[in-house]
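J.: You'll find final-v7.cif just under this line, and it carries mmCIF, C-alpha atoms and all ligand atoms.
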data_final
#
loop_
_atom_site.label_atom_id
_atom_site.label_comp_id
_atom_site.auth_asym_id
_atom_site.auth_seq_id
_atom_site.Cartn_x
_atom_site.Cartn_y
_atom_site.Cartn_z
CA MET A 1408 45.26 -12.42 1.61
CA GLU A 1409 44.62 -12.98 -2.12
CA PRO A 1410 40.93 -12.81 -3.11
CA ASP A 1411 39.07 -15.90 -4.20
CA VAL A 1412 38.55 -15.31 -7.93
CA THR A 1413 36.08 -17.17 -10.13
CA ILE A 1414 36.47 -16.97 -13.91
CA ARG A 1415 33.35 -17.95 -15.83
CA GLU A 1416 31.43 -17.31 -19.01
CA TYR A 1417 29.15 -14.26 -19.13
CA ARG A 1418 25.48 -14.71 -18.27
CA PRO A 1419 22.68 -12.24 -19.19
CA LYS A 1420 22.35 -11.18 -15.54
CA ASP A 1421 25.92 -9.82 -15.74
CA LEU A 1422 24.81 -7.08 -18.16
CA GLU A 1423 24.54 -4.18 -15.69
CA PRO A 1424 27.69 -5.11 -13.69
CA VAL A 1425 29.70 -5.34 -16.93
CA LEU A 1426 28.29 -2.00 -18.15
CA GLY A 1427 29.43 -0.55 -14.80
CA LEU A 1428 32.97 -1.76 -15.59
CA VAL A 1429 32.73 -0.25 -19.09
CA ARG A 1430 31.94 3.12 -17.46
CA GLU A 1431 35.05 2.69 -15.27
CA LEU A 1432 37.15 1.86 -18.33
CA GLU A 1433 35.87 4.89 -20.26
CA ALA A 1434 36.51 7.21 -17.28
CA GLU A 1435 40.05 5.81 -17.03
CA MET A 1436 40.73 6.35 -20.74
CA ALA A 1437 39.30 9.91 -20.61
CA GLU A 1438 41.59 10.66 -17.66
CA LYS A 1439 44.63 9.08 -19.36
CA PHE A 1440 44.19 10.87 -22.68
CA LYS A 1441 42.77 14.07 -21.16
CA THR A 1442 39.85 14.06 -23.54
CA ARG A 1443 36.16 13.21 -23.73
CA ILE A 1444 35.54 9.68 -24.96
CA LYS A 1445 32.52 8.81 -27.06
CA SER A 1446 30.81 6.17 -24.96
CA GLY A 1447 30.63 2.66 -26.35
CA LEU A 1448 27.91 1.60 -23.86
CA GLU A 1449 25.26 1.18 -26.55
CA ASP A 1450 27.60 -0.99 -28.62
CA TYR A 1451 28.21 -3.19 -25.58
CA ARG A 1452 24.47 -3.44 -24.94
CA LYS A 1453 23.36 -4.06 -28.52
CA ARG A 1454 26.37 -5.76 -30.07
CA TYR A 1455 29.11 -7.19 -27.81
CA LEU A 1456 26.93 -8.46 -24.96
CA ASN A 1457 24.08 -9.61 -27.19
CA PRO A 1458 24.07 -13.42 -26.96
CA ALA A 1459 22.72 -13.68 -30.53
CA ASN A 1460 25.97 -12.21 -31.88
CA LYS A 1461 29.42 -13.72 -32.46
CA TYR A 1462 31.05 -12.09 -29.41
CA LYS A 1463 31.91 -14.12 -26.34
CA THR A 1464 32.55 -12.68 -22.89
CA TRP A 1465 34.18 -14.03 -19.75
CA VAL A 1466 33.90 -12.39 -16.36
CA ALA A 1467 36.00 -12.48 -13.20
CA GLU A 1468 34.07 -12.55 -9.94
CA VAL A 1469 35.30 -11.82 -6.42
CA ASP A 1470 32.82 -12.23 -3.52
CA LYS A 1471 29.97 -12.48 -6.08
CA LYS A 1472 30.98 -9.10 -7.57
CA VAL A 1473 31.96 -8.87 -11.25
CA VAL A 1474 35.35 -7.13 -11.21
CA GLY A 1475 36.71 -7.81 -14.70
CA TYR A 1476 35.80 -8.98 -18.18
CA LEU A 1477 37.35 -10.12 -21.44
CA ILE A 1478 35.52 -10.04 -24.78
CA GLY A 1479 36.65 -11.95 -27.85
CA TYR A 1480 35.28 -13.40 -31.06
CA PRO A 1481 36.06 -15.78 -33.93
CA SER A 1482 38.04 -13.66 -36.37
CA LEU A 1483 37.74 -13.68 -40.15
CA GLY A 1484 41.22 -12.17 -40.41
CA THR A 1485 41.28 -8.42 -40.78
CA PRO A 1486 39.70 -5.81 -38.47
CA GLU A 1487 37.96 -4.18 -41.47
CA ILE A 1488 36.10 -7.38 -42.25
CA ASP A 1489 35.56 -8.37 -38.61
CA THR A 1490 33.85 -5.09 -37.73
CA MET A 1491 31.38 -5.55 -40.61
CA TYR A 1492 29.78 -8.65 -39.12
CA ASP A 1493 28.14 -9.11 -35.72
CA ILE A 1494 26.99 -12.53 -36.89
CA LEU A 1495 29.56 -14.72 -38.64
CA PRO A 1496 28.87 -15.07 -42.38
CA LEU A 1497 29.66 -18.79 -42.21
CA PRO A 1498 27.52 -21.93 -42.31
CA PRO A 1499 26.28 -22.95 -38.82
CA GLY A 1500 28.98 -24.80 -36.90
CA ARG A 1501 31.82 -23.57 -39.11
CA LEU A 1502 34.48 -21.48 -37.40
CA PRO A 1503 37.41 -19.53 -38.81
CA ALA A 1504 41.00 -20.41 -37.82
CA GLU A 1505 41.60 -17.51 -35.44
CA PHE A 1506 40.05 -16.28 -32.20
CA TYR A 1507 40.59 -12.61 -31.42
CA MET A 1508 40.72 -11.09 -27.93
CA GLN A 1509 39.20 -7.65 -28.31
CA ILE A 1510 39.29 -6.11 -24.86
CA THR A 1511 40.16 -6.89 -21.27
CA PHE A 1512 39.40 -4.79 -18.23
CA VAL A 1513 39.98 -5.32 -14.52
CA SER A 1514 38.62 -2.81 -12.00
CA ARG A 1515 41.45 -0.80 -10.42
CA PRO A 1516 41.24 -2.11 -6.82
CA TYR A 1517 41.52 -5.69 -8.15
CA ARG A 1518 44.59 -5.27 -10.36
CA LYS A 1519 47.96 -7.00 -9.98
CA LYS A 1520 46.37 -10.06 -8.48
CA GLY A 1521 46.60 -12.23 -11.59
CA ILE A 1522 42.95 -11.71 -12.63
CA SER A 1523 43.67 -10.63 -16.21
CA THR A 1524 46.11 -13.51 -16.57
CA ARG A 1525 43.40 -15.94 -15.41
CA LEU A 1526 40.91 -14.44 -17.89
CA HIS A 1527 43.39 -14.88 -20.76
CA GLU A 1528 44.12 -18.46 -19.70
CA ALA A 1529 40.39 -19.30 -19.63
CA VAL A 1530 39.87 -17.87 -23.11
CA THR A 1531 42.94 -19.67 -24.45
CA ASP A 1532 41.62 -22.96 -23.04
CA TYR A 1533 38.25 -22.28 -24.68
CA ALA A 1534 39.81 -21.47 -28.05
CA LYS A 1535 41.87 -24.63 -27.91
CA LYS A 1536 38.87 -26.77 -26.96
CA MET A 1537 36.83 -25.27 -29.81
CA GLY A 1538 39.55 -26.15 -32.32
CA PHE A 1539 40.77 -22.65 -33.23
CA ARG A 1540 44.31 -22.79 -34.59
CA GLU A 1541 45.45 -19.45 -33.24
CA ILE A 1542 44.46 -16.88 -30.62
CA TYR A 1543 45.59 -13.27 -30.91
CA ALA A 1544 45.26 -9.70 -29.68
CA CYS A 1545 46.41 -6.32 -30.98
CA ILE A 1546 47.77 -4.12 -28.21
CA ALA A 1547 48.90 -0.49 -28.31
CA LYS A 1548 52.56 0.01 -27.44
CA TRP A 1549 51.70 2.29 -24.51
CA ASN A 1550 49.71 -0.44 -22.81
CA ASP A 1551 52.52 -1.98 -20.81
CA PRO A 1552 50.30 -3.78 -18.23
CA GLU A 1553 48.35 -5.63 -20.93
CA LEU A 1554 51.50 -6.37 -22.96
CA ARG A 1555 53.14 -7.87 -19.87
CA VAL A 1556 50.14 -10.12 -19.18
CA ILE A 1557 49.99 -11.47 -22.73
CA ARG A 1558 53.76 -11.87 -23.07
CA SER A 1559 53.88 -13.80 -19.80
CA LEU A 1560 51.58 -16.33 -21.53
CA LYS A 1561 54.25 -16.88 -24.21
CA PHE A 1562 52.39 -15.18 -27.05
CA HIS A 1563 54.56 -14.39 -30.06
CA SER A 1564 54.88 -10.66 -30.65
CA LYS A 1565 54.91 -8.95 -34.06
CA ASP A 1566 55.64 -5.23 -34.35
CA LEU A 1567 52.92 -3.45 -36.35
CA GLY A 1568 54.27 0.06 -35.85
CA TYR A 1569 52.06 1.69 -33.22
CA ARG A 1570 50.91 -1.62 -31.81
CA TYR A 1571 51.85 -5.26 -31.50
CA ARG A 1572 50.02 -8.30 -32.77
CA LEU A 1573 50.44 -10.99 -30.14
CA SER A 1574 49.48 -14.52 -31.08
CA LEU A 1575 49.65 -18.05 -29.81
CA LYS A 1576 49.44 -21.09 -32.09
CA LEU A 1577 47.11 -23.63 -30.54
CA GLU A 1578 47.85 -26.66 -32.68
CA ASP A 1579 51.27 -27.14 -31.08
CA PRO A 1580 50.68 -28.31 -27.48
CA GLU A 1581 54.18 -27.14 -26.47
CA SER A 1582 53.28 -23.54 -27.27
CA VAL A 1583 50.22 -23.50 -25.01
CA ALA A 1584 50.88 -21.77 -21.70
CA GLY A 1585 51.33 -24.19 -18.86
CA GLU A 1586 51.21 -27.34 -20.98
CA LYS A 1587 53.99 -29.87 -21.21
CA THR A 1588 54.44 -32.65 -23.72
CA ASN A 1589 56.70 -35.71 -23.67
CA LYS A 1590 57.42 -35.59 -27.40
C1 LIG B 1 45.71 -4.48 -18.38
C2 LIG B 1 44.89 -5.03 -17.23
C3 LIG B 1 43.68 -5.77 -17.80
C4 LIG B 1 45.75 -5.99 -16.39
O1 LIG B 1 44.92 -6.58 -15.37
P1 LIG B 1 45.51 -7.26 -14.04
O2 LIG B 1 44.44 -8.13 -13.49
O3 LIG B 1 46.08 -6.23 -13.15
O4 LIG B 1 46.68 -8.17 -14.63
P2 LIG B 1 47.47 -9.33 -13.81
O5 LIG B 1 47.28 -9.16 -12.34
O6 LIG B 1 47.10 -10.65 -14.38
O7 LIG B 1 48.97 -9.03 -14.21
C5 LIG B 1 49.48 -7.71 -14.03
C6 LIG B 1 50.70 -7.75 -13.14
O8 LIG B 1 50.33 -8.18 -11.85
C7 LIG B 1 51.27 -9.16 -11.42
N1 LIG B 1 50.64 -10.05 -10.47
C8 LIG B 1 49.89 -11.12 -10.76
N2 LIG B 1 49.50 -11.72 -9.62
C9 LIG B 1 50.02 -10.99 -8.61
C10 LIG B 1 49.98 -11.11 -7.19
N3 LIG B 1 49.34 -12.12 -6.61
N4 LIG B 1 50.59 -10.14 -6.46
C11 LIG B 1 51.25 -9.14 -7.05
N5 LIG B 1 51.35 -8.98 -8.41
C12 LIG B 1 50.73 -9.91 -9.15
C13 LIG B 1 51.65 -9.84 -12.68
O9 LIG B 1 52.87 -10.55 -12.54
C14 LIG B 1 51.80 -8.66 -13.58
O10 LIG B 1 53.02 -8.03 -13.19
P3 LIG B 1 53.97 -7.33 -14.22
O11 LIG B 1 53.16 -6.21 -14.84
O12 LIG B 1 55.08 -6.85 -13.37
O13 LIG B 1 54.35 -8.38 -15.19
C15 LIG B 1 44.41 -3.88 -16.31
O14 LIG B 1 45.53 -3.12 -15.94
C16 LIG B 1 43.37 -2.98 -16.97
O15 LIG B 1 42.19 -3.26 -16.94
N6 LIG B 1 43.83 -1.85 -17.58
C17 LIG B 1 42.93 -0.88 -18.21
C18 LIG B 1 42.27 -1.41 -19.46
C19 LIG B 1 43.22 -1.89 -20.48
O16 LIG B 1 44.22 -1.22 -20.78
N7 LIG B 1 42.92 -3.07 -21.04
C20 LIG B 1 43.75 -3.69 -22.06
C21 LIG B 1 43.48 -3.17 -23.41
S1 LIG B 1 42.41 -4.21 -24.27
#
Let me see the structure of the file written as structure tokens.

T.:
Amino acid sequence: MEPDVTIREYRPKDLEPVLGLVRELEAEMAEKFKTRIKSGLEDYRKRYLNPANKYKTWVAEVDKKVVGYLIGYPSLGTPEIDTMYDILPLPPGRLPAEFYMQITFVSRPYRKKGISTRLHEAVTDYAKKMGFREIYACIAKWNDPELRVIRSLKFHSKDLGYRYRLSLKLEDPESVAGEKTNK
């Protein structure tokens, strides 16, 4: 039987469960690349999961257990600029045109059940509601599972050499996954 999955926005009480998933992700990457990985736990604690900052996180819950997360943020355009600012250098209420999906992780026993797809759909709905004009992600070419999820949502793929930039325009309702228009 498929699990009952809830997708919702991150709450401060999710901090430790999400950090547990980050440890799983780092162990998986260390195993995959046969190397030691410098832990990003402190960055998650101080930057990405800090509600005062620009980052926004969604979690997937099964039986009250957090089993996956997706972090994104309003993007100023280039990674070099984006990484400089944890707080957007814009007047309050102003948002840039693009929303960037930085990372998605689903705990191994819960994969291939559509959880990542549901997380991406929730974030896309949010970005649309907030008035962003485009949502995008940059995915390494080796990451077939993530590429398949994003492509299944009809994102447009651009080859950047070692990775793809996958984006979805939000101003055209016909391009939004699952939406139909009579026009
Ligand atoms: C990439 C990742 C997030 C995908 O998560 P996921 O929850 O397994 O993704 P989904 O279940 O939505 O989709 C994956 C596949 O499961 C399939 N699937 C979805 N629901 C299913 C179901 N009920 N039964 C069987 N398969 C199902 C999807 O069709 C898709 O199949 P495909 O690969 O053949 O196209 C996960 O593998 C992961 O965390 N990887 C490690 C971290 C990582 O690489 N993150 C991305 C970089 S930012």

J.: So which one's closest to ligand LIG 1 (chain B), A:Lys1519, A:Lys1445, A:Lys1420, A:Lys1535? Using all atoms listed in the file, please.

T.: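 When distances to ligand LIG 1 (chain B) are compared using all atoms listed in the file, the smallest one comes from A:Lys1519.
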
J.: Please build the interface table for chain A against ligand LIG 1 (chain B) with a cut-off of 8 Å, listing for each qualifying residue the nearest atom pair and the distance in Å to one decimal; count all atoms listed in the file, order rows by chain and increasing number, and write it as a tab-separated table.

T.:
residue	atom	partner	partner_atom	distance
A:Glu1409	CA	B:LIG1	N3	6.6
A:Leu1432	CA	B:LIG1	C18	6.2
A:Glu1435	CA	B:LIG1	C17	7.4
A:Met1436	CA	B:LIG1	C17	8.0
A:Gly1475	CA	B:LIG1	O15	7.5
A:Met1508	CA	B:LIG1	S1	8.0
A:Gln1509	CA	B:LIG1	S1	6.2
A:Ile1510	CA	B:LIG1	S1	3.7
A:Thr1511	CA	B:LIG1	S1	4.6
A:Phe1512	CA	B:LIG1	O15	3.4
A:Val1513	CA	B:LIG1	O15	3.9
A:Ser1514	CA	B:LIG1	O15	6.1
A:Arg1515	CA	B:LIG1	O15	7.0
A:Tyr1517	CA	B:LIG1	O2	6.6
A:Arg1518	CA	B:LIG1	O3	3.3
A:Lys1519	CA	B:LIG1	O8	3.2
A:Lys1520	CA	B:LIG1	N2	3.7
A:Gly1521	CA	B:LIG1	O5	3.2
A:Ile1522	CA	B:LIG1	O2	4.0
A:Ser1523	CA	B:LIG1	O2	3.8
A:Thr1524	CA	B:LIG1	O6	3.7
A:Arg1525	CA	B:LIG1	O6	6.5
A:Ile1546	CA	B:LIG1	C21	6.5
A:Ala1547	CA	B:LIG1	C21	7.8
A:Asn1550	CA	B:LIG1	O16	5.9
A:Asp1551	CA	B:LIG1	O11	7.3
A:Pro1552	CA	B:LIG1	C1	4.6
A:Glu1553	CA	B:LIG1	C1	3.8
A:Leu1554	CA	B:LIG1	C1	7.6
A:Arg1555	CA	B:LIG1	O13	4.9
A:Val1556	CA	B:LIG1	O7	5.2
A:Ser1559	CA	B:LIG1	O13	7.1

J.: Using all atoms listed in the file, which of A:Glu1433, A:Glu1416, A:Asp1489, A:Glu1505 sits nearest Thr1464 in chain A?

T.: A:Glu1416

J.: Could you tell me which of A:Leu1567, A:Met1537, A:Ala1544, A:Leu1526 comes closest to Val1474 in chain A if we count all atoms listed in the file?

T.: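 Using all atoms listed in the file, Val1474 in chain A sits closest to A:Leu1526.
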
J.: How many Å lie between CA of His1563 in chain A and CA of Tyr1543 in chain A, rounded to one decimal?

T.: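 Distance reported for this atom pair: 9.1 Å.
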
J.: Once you count only C-alpha atoms, what closest atom pair and distance in Å to one decimal does each residue of range 1481-1584 of chain A within 12 Å of range 1447-1456 of chain A have, with rows by chain and rising residue number, as CSV?

T.:
residue,atom,partner,partner_atom,distance
A:Thr1490,CA,A:Arg1454,CA,10.7
A:Met1491,CA,A:Arg1454,CA,11.7
A:Tyr1492,CA,A:Arg1454,CA,10.1
A:Asp1493,CA,A:Arg1454,CA,6.8
A:Ile1494,CA,A:Arg1454,CA,9.6
A:Gln1509,CA,A:Tyr1455,CA,10.1
A:Ile1510,CA,A:Tyr1455,CA,10.7

J.: Take the residues from that selection and write them out as a PDB file, in the frame of the given file, keeping C-alpha atoms.

T.:
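Written file, result37.pdb:
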ATOM      1  CA  THR A1490      33.850  -5.090 -37.730  1.00  0.00           C
ATOM      2  CA  MET A1491      31.380  -5.550 -40.610  1.00  0.00           C
ATOM      3  CA  TYR A1492      29.780  -8.650 -39.120  1.00  0.00           C
ATOM      4  CA  ASP A1493      28.140  -9.110 -35.720  1.00  0.00           C
ATOM      5  CA  ILE A1494      26.990 -12.530 -36.890  1.00  0.00           C
ATOM      6  CA  GLN A1509      39.200  -7.650 -28.310  1.00  0.00           C
ATOM      7  CA  ILE A1510      39.290  -6.110 -24.860  1.00  0.00           C
TER       8      ILE A1510
END

J.: With distances taken over only C-alpha atoms, which of A:Glu1541, A:Tyr1533, A:Arg1572, A:Ile1444 is nearest to Leu1483 in chain A?

T.: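 That would be A:Glu1541, the residue with the smallest distance to Leu1483 in chain A.
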
J.: In Å to one decimal, how far is CA of Phe1440 in chain A from CA of Leu1428 in chain A?

T.: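 Taking CA of Leu1428 in chain A as the start and CA of Phe1440 in chain A as the end point, the length is 18.3 Å.
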
J.: Which of these residues is nearest to Leu1477 in chain A, using all atoms listed in the file: A:Leu1560, A:Ala1529, A:Ala1434, A:Ala1534?

T.: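 With all atoms listed in the file as the atom set, the closest residue is A:Ala1529.
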
J.: May I ask for the distance between CA of Ser1574 in chain A and CA of Lys1536 in chain A, given in Å to one decimal place?

T.: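 Separating CA of Ser1574 in chain A from CA of Lys1536 in chain A is a distance of 16.7 Å.
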
J.: Kindly indicate which residue among A:Glu1578, A:Leu1426, A:Tyr1569, A:Pro1496 lies nearest to Lys1461 in chain A, using only C-alpha atoms for the distances.

T.: A:Pro1496
